[in-house]
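Next up, input-v5.cif (mmCIF, N, CA and C atoms and all ligand atoms):
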```
data_run
#
loop_
_atom_site.label_atom_id
_atom_site.label_comp_id
_atom_site.auth_asym_id
_atom_site.auth_seq_id
_atom_site.Cartn_x
_atom_site.Cartn_y
_atom_site.Cartn_z
N MET A 1 118.65 123.31 84.91
CA MET A 1 117.78 122.13 84.84
C MET A 1 118.23 121.11 85.89
N PHE A 2 119.53 120.84 85.86
CA PHE A 2 120.05 119.88 86.83
C PHE A 2 119.88 120.40 88.26
N THR A 3 120.11 121.72 88.40
CA THR A 3 120.02 122.32 89.73
C THR A 3 118.61 122.20 90.29
N SER A 4 117.61 122.48 89.44
CA SER A 4 116.25 122.44 89.96
C SER A 4 115.85 121.01 90.31
N LEU A 5 116.34 120.07 89.54
CA LEU A 5 116.05 118.68 89.86
C LEU A 5 116.66 118.31 91.20
N THR A 6 117.92 118.74 91.40
CA THR A 6 118.60 118.44 92.66
C THR A 6 117.86 119.08 93.84
N THR A 7 117.41 120.31 93.64
CA THR A 7 116.69 120.99 94.71
C THR A 7 115.40 120.25 95.05
N ARG A 8 114.72 119.83 94.01
CA ARG A 8 113.47 119.12 94.28
C ARG A 8 113.73 117.80 94.99
N THR A 9 114.80 117.11 94.59
CA THR A 9 115.12 115.85 95.25
C THR A 9 115.45 116.08 96.71
N ALA A 10 116.23 117.13 96.98
CA ALA A 10 116.58 117.43 98.36
C ALA A 10 115.34 117.76 99.17
N ALA A 11 114.42 118.50 98.57
CA ALA A 11 113.19 118.85 99.28
C ALA A 11 112.37 117.60 99.57
N ALA A 12 112.33 116.69 98.62
CA ALA A 12 111.58 115.46 98.83
C ALA A 12 112.21 114.63 99.94
N LEU A 13 113.53 114.59 99.96
CA LEU A 13 114.21 113.84 101.01
C LEU A 13 113.93 114.46 102.38
N LEU A 14 113.94 115.79 102.43
CA LEU A 14 113.65 116.47 103.68
C LEU A 14 112.24 116.15 104.16
N LEU A 15 111.31 116.14 103.22
CA LEU A 15 109.93 115.84 103.58
C LEU A 15 109.81 114.43 104.12
N THR A 16 110.57 113.52 103.52
CA THR A 16 110.49 112.12 103.93
C THR A 16 111.14 111.92 105.29
N ALA A 17 112.30 112.52 105.48
CA ALA A 17 113.08 112.22 106.67
C ALA A 17 112.83 113.20 107.81
N GLY A 18 112.40 114.40 107.47
CA GLY A 18 112.37 115.44 108.48
C GLY A 18 111.04 115.57 109.17
N GLY A 19 110.75 116.78 109.57
CA GLY A 19 109.50 117.02 110.26
C GLY A 19 109.70 117.06 111.74
N ALA A 20 108.64 117.37 112.44
CA ALA A 20 108.71 117.55 113.88
C ALA A 20 108.70 116.21 114.62
N PHE A 21 108.34 115.16 113.91
CA PHE A 21 108.17 113.88 114.58
C PHE A 21 109.34 112.96 114.29
N ALA A 22 109.70 112.17 115.25
CA ALA A 22 110.77 111.21 115.07
C ALA A 22 110.34 109.87 115.64
N MET A 23 110.23 108.90 114.77
CA MET A 23 109.93 107.56 115.24
C MET A 23 111.21 106.90 115.71
N SER A 24 111.09 105.99 116.65
CA SER A 24 112.26 105.25 117.08
C SER A 24 112.72 104.31 115.97
N ASP A 25 113.96 103.86 116.09
CA ASP A 25 114.46 102.88 115.12
C ASP A 25 113.59 101.64 115.11
N ALA A 26 113.10 101.26 116.29
CA ALA A 26 112.26 100.07 116.38
C ALA A 26 111.00 100.24 115.55
N ALA A 27 110.39 101.43 115.63
CA ALA A 27 109.18 101.68 114.85
C ALA A 27 109.49 101.74 113.37
N VAL A 28 110.61 102.35 113.02
CA VAL A 28 110.99 102.43 111.61
C VAL A 28 111.21 101.03 111.04
N SER A 29 111.90 100.18 111.79
CA SER A 29 112.16 98.84 111.25
C SER A 29 110.92 97.97 111.29
N ALA A 30 109.93 98.35 112.10
CA ALA A 30 108.65 97.62 112.09
C ALA A 30 107.87 97.87 110.82
N ASP A 31 108.19 98.97 110.14
CA ASP A 31 107.45 99.35 108.93
C ASP A 31 107.96 98.53 107.76
N LYS A 32 107.44 97.32 107.63
CA LYS A 32 108.00 96.36 106.68
C LYS A 32 107.85 96.80 105.23
N ASN A 33 106.77 97.47 104.90
CA ASN A 33 106.60 97.87 103.50
C ASN A 33 107.08 99.30 103.24
N GLY A 34 107.63 99.93 104.29
CA GLY A 34 108.29 101.21 104.09
C GLY A 34 107.38 102.35 103.67
N ASP A 35 106.10 102.27 103.99
CA ASP A 35 105.20 103.35 103.59
C ASP A 35 105.08 104.44 104.65
N GLY A 36 105.82 104.27 105.74
CA GLY A 36 105.80 105.29 106.78
C GLY A 36 104.63 105.16 107.74
N MET A 37 103.80 104.15 107.52
CA MET A 37 102.67 103.91 108.38
C MET A 37 102.77 102.49 108.93
N LEU A 38 102.29 102.29 110.14
CA LEU A 38 102.30 100.95 110.71
C LEU A 38 100.87 100.42 110.81
N THR A 39 100.67 99.23 110.25
CA THR A 39 99.39 98.54 110.41
C THR A 39 99.43 97.73 111.69
N ILE A 40 98.28 97.20 112.07
CA ILE A 40 98.25 96.32 113.24
C ILE A 40 99.16 95.11 113.04
N ASP A 41 99.22 94.58 111.83
CA ASP A 41 100.09 93.44 111.57
C ASP A 41 101.57 93.80 111.74
N GLU A 42 101.95 94.96 111.23
CA GLU A 42 103.34 95.39 111.35
C GLU A 42 103.69 95.64 112.82
N ILE A 43 102.76 96.26 113.54
CA ILE A 43 102.99 96.53 114.97
C ILE A 43 103.17 95.23 115.74
N GLN A 44 102.25 94.30 115.52
CA GLN A 44 102.28 93.08 116.34
C GLN A 44 103.43 92.16 115.95
N ALA A 45 103.90 92.25 114.71
CA ALA A 45 105.08 91.48 114.32
C ALA A 45 106.30 91.98 115.08
N ALA A 46 106.37 93.29 115.28
CA ALA A 46 107.54 93.88 115.94
C ALA A 46 107.34 93.93 117.45
N PHE A 47 106.12 94.20 117.87
CA PHE A 47 105.83 94.35 119.31
C PHE A 47 104.64 93.45 119.67
N PRO A 48 104.92 92.17 119.91
CA PRO A 48 103.82 91.21 120.16
C PRO A 48 102.97 91.57 121.37
N ASP A 49 103.49 92.40 122.25
CA ASP A 49 102.75 92.76 123.45
C ASP A 49 101.66 93.80 123.19
N VAL A 50 101.70 94.43 122.01
CA VAL A 50 100.72 95.48 121.73
C VAL A 50 99.41 94.83 121.29
N SER A 51 98.37 95.04 122.08
CA SER A 51 97.06 94.45 121.78
C SER A 51 96.32 95.31 120.77
N THR A 52 95.25 94.77 120.23
CA THR A 52 94.43 95.55 119.30
C THR A 52 93.80 96.74 120.03
N ASP A 53 93.49 96.57 121.31
CA ASP A 53 92.97 97.70 122.09
C ASP A 53 94.00 98.82 122.16
N THR A 54 95.24 98.44 122.41
CA THR A 54 96.31 99.44 122.48
C THR A 54 96.47 100.11 121.12
N PHE A 55 96.43 99.32 120.07
CA PHE A 55 96.54 99.87 118.72
C PHE A 55 95.44 100.91 118.48
N THR A 56 94.23 100.56 118.87
CA THR A 56 93.10 101.48 118.70
C THR A 56 93.32 102.77 119.47
N THR A 57 93.90 102.63 120.67
CA THR A 57 94.20 103.81 121.48
C THR A 57 95.22 104.71 120.79
N ILE A 58 96.24 104.08 120.22
CA ILE A 58 97.30 104.86 119.56
C ILE A 58 96.77 105.51 118.28
N ASP A 59 95.86 104.81 117.60
CA ASP A 59 95.35 105.28 116.31
C ASP A 59 94.35 106.42 116.53
N ALA A 60 94.91 107.60 116.74
CA ALA A 60 94.09 108.74 117.17
C ALA A 60 93.01 109.11 116.16
N ASN A 61 93.30 108.99 114.86
CA ASN A 61 92.30 109.37 113.87
C ASN A 61 91.53 108.17 113.32
N ALA A 62 91.75 107.01 113.94
CA ALA A 62 90.96 105.80 113.67
C ALA A 62 90.92 105.42 112.19
N ASP A 63 92.05 105.58 111.49
CA ASP A 63 92.08 105.17 110.09
C ASP A 63 92.71 103.78 109.91
N GLY A 64 93.02 103.13 111.03
CA GLY A 64 93.56 101.78 110.93
C GLY A 64 95.05 101.73 110.65
N LEU A 65 95.68 102.89 110.62
CA LEU A 65 97.12 102.99 110.38
C LEU A 65 97.71 103.92 111.41
N LEU A 66 98.91 103.62 111.84
CA LEU A 66 99.60 104.53 112.73
C LEU A 66 100.58 105.35 111.92
N ASP A 67 100.37 106.65 111.91
CA ASP A 67 101.32 107.51 111.20
C ASP A 67 102.41 107.97 112.18
N GLU A 68 103.33 108.74 111.63
CA GLU A 68 104.51 109.14 112.39
C GLU A 68 104.11 109.89 113.67
N ALA A 69 103.14 110.78 113.56
CA ALA A 69 102.71 111.57 114.71
C ALA A 69 102.11 110.68 115.79
N GLU A 70 101.30 109.73 115.37
CA GLU A 70 100.65 108.83 116.33
C GLU A 70 101.68 107.94 117.01
N ILE A 71 102.64 107.47 116.22
CA ILE A 71 103.66 106.58 116.77
C ILE A 71 104.55 107.33 117.76
N SER A 72 105.00 108.52 117.37
CA SER A 72 105.90 109.23 118.28
C SER A 72 105.16 109.67 119.54
N ALA A 73 103.87 110.00 119.41
CA ALA A 73 103.09 110.34 120.60
C ALA A 73 102.97 109.13 121.52
N ALA A 74 102.75 107.96 120.94
CA ALA A 74 102.62 106.74 121.74
C ALA A 74 103.93 106.38 122.41
N GLU A 75 105.03 106.60 121.68
CA GLU A 75 106.34 106.32 122.27
C GLU A 75 106.62 107.27 123.43
N GLU A 76 106.27 108.54 123.24
CA GLU A 76 106.50 109.50 124.32
C GLU A 76 105.63 109.18 125.53
N ALA A 77 104.44 108.67 125.28
CA ALA A 77 103.52 108.33 126.37
C ALA A 77 103.89 107.00 127.02
N GLY A 78 104.84 106.29 126.41
CA GLY A 78 105.25 105.01 126.97
C GLY A 78 104.30 103.87 126.63
N ILE A 79 103.36 104.12 125.70
CA ILE A 79 102.41 103.08 125.29
C ILE A 79 103.09 102.09 124.35
N LEU A 80 103.96 102.64 123.52
CA LEU A 80 104.63 101.82 122.52
C LEU A 80 106.10 101.69 122.89
N PRO A 81 106.60 100.45 122.99
CA PRO A 81 108.01 100.28 123.31
C PRO A 81 108.89 100.84 122.20
N THR A 82 110.01 101.40 122.58
CA THR A 82 110.92 101.95 121.57
C THR A 82 111.99 100.93 121.18
N GLY A 83 111.91 99.75 121.75
CA GLY A 83 112.78 98.67 121.29
C GLY A 83 113.99 98.44 122.17
N SER A 84 114.82 99.44 122.31
CA SER A 84 116.01 99.26 123.12
C SER A 84 115.61 99.31 124.58
CA CA A 101 103.81 100.01 106.73
CA CA A 102 95.96 106.78 112.31
#
```
As structure tokens, what does this structure read like?
Amino acid sequence: MFTSLTTRTAAALLLTAGGAFAMSDAAVSADKNGDGMLTIDEIQAAFPDVSTDTFTTIDANADGLLDEAEISAAEEAGILPTGS
């Protein structure tokens, strides 16, 4: 019982932290509510230079939120500053 709980917890942690995408520390700390997504407000609080046009460009699926894949793609493209 304890073992299966531990396994599930480890799997959940892996899902949260792992994956093919890696956001920069700057993007992670921009995520004020910790939901793993960045809103325009969270982006502009951390990166005041990012315009709404830029946000729209980064938001590939146009849901109004930047997910990990969108953020790391933008960072790789140099659209989004990585902070340091
Ligand atoms: Ca957020
Ligand atoms: Ca999106």
What's the separation between atom C of Asp67 (chain A) and atom N of Asp49 (chain A), in Å to one decimal place?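 Atom C of Asp67 (chain A) sits 18.6 Å away from atom N of Asp49 (chain A).
When all atoms listed in the file are used to compute distances to ligand CA 101 (chain A), the closest of the residues A:Ser29, A:Ser24, A:Thr57, A:Thr39 turns out to be A:Thr39.
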Residue neighbourhood region 74-83 of chain A, 12 Å, only C-alpha atoms, exclusion window fewer than 4 positions, as a JSON list (two decimals) with N, CA and C atoms, in the frame of the given file:
```
[["chain", "number", "residue", "atom", "x", "y", "z"],
["A", 21, "PHE", "N", 108.34, 115.16, 113.91],
["A", 21, "PHE", "CA", 108.17, 113.88, 114.58],
["A", 21, "PHE", "C", 109.34, 112.96, 114.29],
["A", 22, "ALA", "N", 109.70, 112.17, 115.25],
["A", 22, "ALA", "CA", 110.77, 111.21, 115.07],
["A", 22, "ALA", "C", 110.34, 109.87, 115.64],
["A", 23, "MET", "N", 110.23, 108.90, 114.77],
["A", 23, "MET", "CA", 109.93, 107.56, 115.24],
["A", 23, "MET", "C", 111.21, 106.90, 115.71],
["A", 24, "SER", "N", 111.09, 105.99, 116.65],
["A", 24, "SER", "CA", 112.26, 105.25, 117.08],
["A", 24, "SER", "C", 112.72, 104.31, 115.97],
["A", 25, "ASP", "N", 113.96, 103.86, 116.09],
["A", 25, "ASP", "CA", 114.46, 102.88, 115.12],
["A", 25, "ASP", "C", 113.59, 101.64, 115.11],
["A", 26, "ALA", "N", 113.10, 101.26, 116.29],
["A", 26, "ALA", "CA", 112.26, 100.07, 116.38],
["A", 26, "ALA", "C", 111.00, 100.24, 115.55],
["A", 27, "ALA", "N", 110.39, 101.43, 115.63],
["A", 27, "ALA", "CA", 109.18, 101.68, 114.85],
["A", 27, "ALA", "C", 109.49, 101.74, 113.37],
["A", 28, "VAL", "N", 110.61, 102.35, 113.02],
["A", 28, "VAL", "CA", 110.99, 102.43, 111.61],
["A", 28, "VAL", "C", 111.21, 101.03, 111.04],
["A", 29, "SER", "N", 111.90, 100.18, 111.79],
["A", 29, "SER", "CA", 112.16, 98.84, 111.25],
["A", 29, "SER", "C", 110.92, 97.97, 111.29],
["A", 30, "ALA", "N", 109.93, 98.35, 112.10],
["A", 30, "ALA", "CA", 108.65, 97.62, 112.09],
["A", 30, "ALA", "C", 107.87, 97.87, 110.82],
["A", 43, "ILE", "N", 102.76, 96.26, 113.54],
["A", 43, "ILE", "CA", 102.99, 96.53, 114.97],
["A", 43, "ILE", "C", 103.17, 95.23, 115.74],
["A", 44, "GLN", "N", 102.25, 94.30, 115.52],
["A", 44, "GLN", "CA", 102.28, 93.08, 116.34],
["A", 44, "GLN", "C", 103.43, 92.16, 115.95],
["A", 46, "ALA", "N", 106.37, 93.29, 115.28],
["A", 46, "ALA", "CA", 107.54, 93.88, 115.94],
["A", 46, "ALA", "C", 107.34, 93.93, 117.45],
["A", 47, "PHE", "N", 106.12, 94.20, 117.87],
["A", 47, "PHE", "CA", 105.83, 94.35, 119.31],
["A", 47, "PHE", "C", 104.64, 93.45, 119.67],
["A", 48, "PRO", "N", 104.92, 92.17, 119.91],
["A", 48, "PRO", "CA", 103.82, 91.21, 120.16],
["A", 48, "PRO", "C", 102.97, 91.57, 121.37],
["A", 49, "ASP", "N", 103.49, 92.40, 122.25],
["A", 49, "ASP", "CA", 102.75, 92.76, 123.45],
["A", 49, "ASP", "C", 101.66, 93.80, 123.19],
["A", 50, "VAL", "N", 101.70, 94.43, 122.01],
["A", 50, "VAL", "CA", 100.72, 95.48, 121.73],
["A", 50, "VAL", "C", 99.41, 94.83, 121.29],
["A", 51, "SER", "N", 98.37, 95.04, 122.08],
["A", 51, "SER", "CA", 97.06, 94.45, 121.78],
["A", 51, "SER", "C", 96.32, 95.31, 120.77],
["A", 53, "ASP", "N", 93.49, 96.57, 121.31],
["A", 53, "ASP", "CA", 92.97, 97.70, 122.09],
["A", 53, "ASP", "C", 94.00, 98.82, 122.16],
["A", 54, "THR", "N", 95.24, 98.44, 122.41],
["A", 54, "THR", "CA", 96.31, 99.44, 122.48],
["A", 54, "THR", "C", 96.47, 100.11, 121.12],
["A", 55, "PHE", "N", 96.43, 99.32, 120.07],
["A", 55, "PHE", "CA", 96.54, 99.87, 118.72],
["A", 55, "PHE", "C", 95.44, 100.91, 118.48],
["A", 56, "THR", "N", 94.23, 100.56, 118.87],
["A", 56, "THR", "CA", 93.10, 101.48, 118.70],
["A", 56, "THR", "C", 93.32, 102.77, 119.47],
["A", 57, "THR", "N", 93.90, 102.63, 120.67],
["A", 57, "THR", "CA", 94.20, 103.81, 121.48],
["A", 57, "THR", "C", 95.22, 104.71, 120.79],
["A", 58, "ILE", "N", 96.24, 104.08, 120.22],
["A", 58, "ILE", "CA", 97.30, 104.86, 119.56],
["A", 58, "ILE", "C", 96.77, 105.51, 118.28],
["A", 59, "ASP", "N", 95.86, 104.81, 117.60],
["A", 59, "ASP", "CA", 95.35, 105.28, 116.31],
["A", 59, "ASP", "C", 94.35, 106.42, 116.53],
["A", 60, "ALA", "N", 94.91, 107.60, 116.74],
["A", 60, "ALA", "CA", 94.09, 108.74, 117.17],
["A", 60, "ALA", "C", 93.01, 109.11, 116.16],
["A", 66, "LEU", "N", 98.91, 103.62, 111.84],
["A", 66, "LEU", "CA", 99.60, 104.53, 112.73],
["A", 66, "LEU", "C", 100.58, 105.35, 111.92],
["A", 67, "ASP", "N", 100.37, 106.65, 111.91],
["A", 67, "ASP", "CA", 101.32, 107.51, 111.20],
["A", 67, "ASP", "C", 102.41, 107.97, 112.18],
["A", 68, "GLU", "N", 103.33, 108.74, 111.63],
["A", 68, "GLU", "CA", 104.51, 109.14, 112.39],
["A", 68, "GLU", "C", 104.11, 109.89, 113.67],
["A", 69, "ALA", "N", 103.14, 110.78, 113.56],
["A", 69, "ALA", "CA", 102.71, 111.57, 114.71],
["A", 69, "ALA", "C", 102.11, 110.68, 115.79],
["A", 70, "GLU", "N", 101.30, 109.73, 115.37],
["A", 70, "GLU", "CA", 100.65, 108.83, 116.33],
["A", 70, "GLU", "C", 101.68, 107.94, 117.01]]
```
Mind listing the residues within 6 Å of ligand CA 101 (chain A), only N, CA and C atoms and all ligand atoms counted, as a VMD selection string? chain A and resid 31 to 39
Can you write just those residues out, N, CA and C atoms, as a PDB file, in the coordinates of the input?
```pdb
ATOM      1  N   ASP A  31     108.190  98.970 110.140  1.00  0.00           N
ATOM      2  CA  ASP A  31     107.450  99.350 108.930  1.00  0.00           C
ATOM      3  C   ASP A  31     107.960  98.530 107.760  1.00  0.00           C
ATOM      4  N   LYS A  32     107.440  97.320 107.630  1.00  0.00           N
ATOM      5  CA  LYS A  32     108.000  96.360 106.680  1.00  0.00           C
ATOM      6  C   LYS A  32     107.850  96.800 105.230  1.00  0.00           C
ATOM      7  N   ASN A  33     106.770  97.470 104.900  1.00  0.00           N
ATOM      8  CA  ASN A  33     106.600  97.870 103.500  1.00  0.00           C
ATOM      9  C   ASN A  33     107.080  99.300 103.240  1.00  0.00           C
ATOM     10  N   GLY A  34     107.630  99.930 104.290  1.00  0.00           N
ATOM     11  CA  GLY A  34     108.290 101.210 104.090  1.00  0.00           C
ATOM     12  C   GLY A  34     107.380 102.350 103.670  1.00  0.00           C
ATOM     13  N   ASP A  35     106.100 102.270 103.990  1.00  0.00           N
ATOM     14  CA  ASP A  35     105.200 103.350 103.590  1.00  0.00           C
ATOM     15  C   ASP A  35     105.080 104.440 104.650  1.00  0.00           C
ATOM     16  N   GLY A  36     105.820 104.270 105.740  1.00  0.00           N
ATOM     17  CA  GLY A  36     105.800 105.290 106.780  1.00  0.00           C
ATOM     18  C   GLY A  36     104.630 105.160 107.740  1.00  0.00           C
ATOM     19  N   MET A  37     103.800 104.150 107.520  1.00  0.00           N
ATOM     20  CA  MET A  37     102.670 103.910 108.380  1.00  0.00           C
ATOM     21  C   MET A  37     102.770 102.490 108.930  1.00  0.00           C
ATOM     22  N   LEU A  38     102.290 102.290 110.140  1.00  0.00           N
ATOM     23  CA  LEU A  38     102.300 100.950 110.710  1.00  0.00           C
ATOM     24  C   LEU A  38     100.870 100.420 110.810  1.00  0.00           C
ATOM     25  N   THR A  39     100.670  99.230 110.250  1.00  0.00           N
ATOM     26  CA  THR A  39      99.390  98.540 110.410  1.00  0.00           C
ATOM     27  C   THR A  39      99.430  97.730 111.690  1.00  0.00           C
TER      28      THR A  39
END
```
Within-7 Å shell of (95.2, 96.3, 108.6) in input frame, all atoms listed in the file, as a list of chain:residue names: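 Residues satisfying the cut-off, written out: A:Thr39, A:Ile40, A:Asp41, A:Gly64, A:Leu65.
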